[in-house]
Every structure is written in C-alpha cells, then in structure tokens.
Amino acid sequence: MQRKTDSKGLMLETLFPKALCGTNLRGTDRIISQLIEMGRSLGYVVRPGVRNCCSYGLKEITYNGKQKPLRKIFSLAHEIGHAVTHSECESTWGGKAIYGHSDYVPTRWYILESELKAWEFAEYLGRKMGFLGPKMMKYKHACLRTYYRFLT
Ligand SMILES: [Zn+2]
C-alpha cells in the first residue's frame, strides 16, 4: 500500500485516523463526507451554514450549504486548514498568540498569513485526495484577492 506522505512528512492517516475509512459514497459526495469527518476528528462541529467559517472559540466549522459541490470541497478543505494550522500554533506558542484570543490583537498581516497557511494545507489535502487543479487554484486566488482588498 502506498503511504500518503509528502515532502513535509505529513501523513493523512496520522492526522485523521478515521476520516479516510471507506464510505459507500462516490466522487464529490465521498470527498465532502471525508472532509466533514476530518473536521470532526479535530474536535470541531462541522455543519452547513450561510458562509464558510472556522471558529476556534466555538470549535465549529460551517460551510455554505448552497454552493456547488466542488466549492464545498474547496472551502471545507480551507477551513480544515485553519483548524489544523491553529492547533499547530497552539502547540508552538502555548495558545497565546492566536487570532481570536482576547489577549492577542491580530495584525492584518497575521490574518493574511493564516489565510495563506490554511490554503497551503487545503492544497496538500487536494493533492492527496485528488481535487487539486486549476478550478481550485482559481477559487483560492479569488478568495485571497478578497482578503487582500479588505486588508490593504
Ligand atoms: Zn480562511
């Protein structure tokens, strides 16, 4: 069996022990349910809502339930990227310098950095799960443009 590792040595099986177990769903539905399971295995409630958002405080990931299936995949992967990079930050800095904590005022560059990191992880998932491609990159760039405009 091929091990799902990349250059950073990240392993999906380690991060999400249950998420990649077989389901009877196919294609996009299967990927969406695997991503939801990944969020849950990180301790988050994952549910459809009006917008795509990862709340560290509430431990909740919502995704726009009305968007097209492919966009659900891209945005779920991105929000999971926030959840994963947040827990990495927590273990590195002891939870002090985290966006969303009352003792830390995020700079706009911190916000942009956390967006980029979340997308980096989303791309990693896309590579491993087979949904990385021009459509995802286009979606990512559109999202980053929105942030860039908001931040500058
Ligand atoms: Zn984001």
# chains A, B, ... in the order shown; residues from 1 in each chain; ligands from 1
$ residues_near_ligand --ligand "ligand 1" --cutoff "9 Å" --atoms "only C-alpha atoms and all ligand atoms" --output "list in words"
Asn52, Cys53, Cys54, Ser75, His78, Glu79, Gly81, His82, Ile111, Leu112, Ser114, Glu115, Leu116, Lys117, Ala118, Trp119, Cys143, Leu144 and Tyr147 of chain A
$ residues_around --residues "region 35-42 of chain A" --least-positions-apart "5" --cutoff "9 Å" --atoms "only C-alpha atoms" --output "PyMOL selection string"
chain A and resi 15-20+30+47+60-61+73+76-77+79-80+83-84+87
$ write_last_selection --atoms "N, CA and C atoms" --output "tab-separated table (two decimals), in the first residue's frame"
chain	number	residue	atom	x	y	z
A	15	LEU	N	-2.97	12.30	10.94
A	15	LEU	CA	-3.78	13.46	11.29
A	15	LEU	C	-5.25	13.09	11.45
A	16	PHE	N	-5.72	12.26	10.57
A	16	PHE	CA	-7.15	11.92	10.55
A	16	PHE	C	-7.33	10.41	10.50
A	17	PRO	N	-7.13	9.73	11.62
A	17	PRO	CA	-7.13	8.27	11.60
A	17	PRO	C	-8.41	7.63	11.06
A	18	LYS	N	-9.55	8.29	11.29
A	18	LYS	CA	-10.80	7.65	10.87
A	18	LYS	C	-11.34	8.17	9.55
A	19	ALA	N	-10.90	9.37	9.16
A	19	ALA	CA	-11.57	10.08	8.07
A	19	ALA	C	-11.49	9.38	6.72
A	20	LEU	N	-10.41	8.64	6.49
A	20	LEU	CA	-10.25	8.07	5.16
A	20	LEU	C	-10.77	6.64	5.04
A	30	ARG	N	-18.35	11.65	-1.64
A	30	ARG	CA	-17.44	10.91	-0.78
A	30	ARG	C	-16.37	11.85	-0.20
A	47	ARG	N	-20.88	21.80	10.14
A	47	ARG	CA	-22.27	21.82	9.67
A	47	ARG	C	-22.46	22.86	8.56
A	60	GLU	N	-16.13	25.22	15.82
A	60	GLU	CA	-17.16	24.97	14.83
A	60	GLU	C	-16.70	25.38	13.43
A	61	ILE	N	-16.93	24.50	12.47
A	61	ILE	CA	-16.68	24.82	11.07
A	61	ILE	C	-18.03	24.85	10.36
A	73	ILE	N	-16.13	21.42	-1.43
A	73	ILE	CA	-14.87	20.71	-1.19
A	73	ILE	C	-13.74	21.70	-0.93
A	76	LEU	N	-14.36	23.62	2.43
A	76	LEU	CA	-14.17	22.73	3.59
A	76	LEU	C	-12.69	22.43	3.82
A	77	ALA	N	-11.97	22.15	2.73
A	77	ALA	CA	-10.53	21.87	2.85
A	77	ALA	C	-9.81	23.08	3.43
A	79	GLU	N	-11.14	25.50	5.42
A	79	GLU	CA	-11.49	25.69	6.83
A	79	GLU	C	-10.79	24.64	7.70
A	80	ILE	N	-10.64	23.42	7.19
A	80	ILE	CA	-9.89	22.40	7.92
A	80	ILE	C	-8.42	22.85	8.03
A	83	ALA	N	-8.21	24.98	10.97
A	83	ALA	CA	-8.25	24.19	12.21
A	83	ALA	C	-6.91	23.51	12.47
A	84	VAL	N	-6.30	22.96	11.43
A	84	VAL	CA	-5.01	22.26	11.60
A	84	VAL	C	-3.90	23.24	11.94
A	87	SER	N	-4.12	24.51	15.53
A	87	SER	CA	-3.62	23.61	16.58
A	87	SER	C	-2.09	23.51	16.54
$ atom_distance --atom1 "CA of Arg51 (chain A)" --atom2 "CA of Tyr63 (chain A)"
5.5 Å
$ closest_residue --among "A:Arg71, A:Arg108, A:Arg149, A:His86" --to "Met136 (chain A)" --atoms "only C-alpha atoms"
A:Arg71
$ atom_distance --atom1 "CA of Lys140 (chain A)" --atom2 "CA of Pro69 (chain A)"
15.4 Å
$ atom_distance --atom1 "CA of Pro134 (chain A)" --atom2 "CA of Leu70 (chain A)"
12.0 Å
$ closest_residue --among "A:Gln34, A:Ser55, A:Tyr148, A:Met137" --to "Glu120 (chain A)" --atoms "only C-alpha atoms"
A:Met137
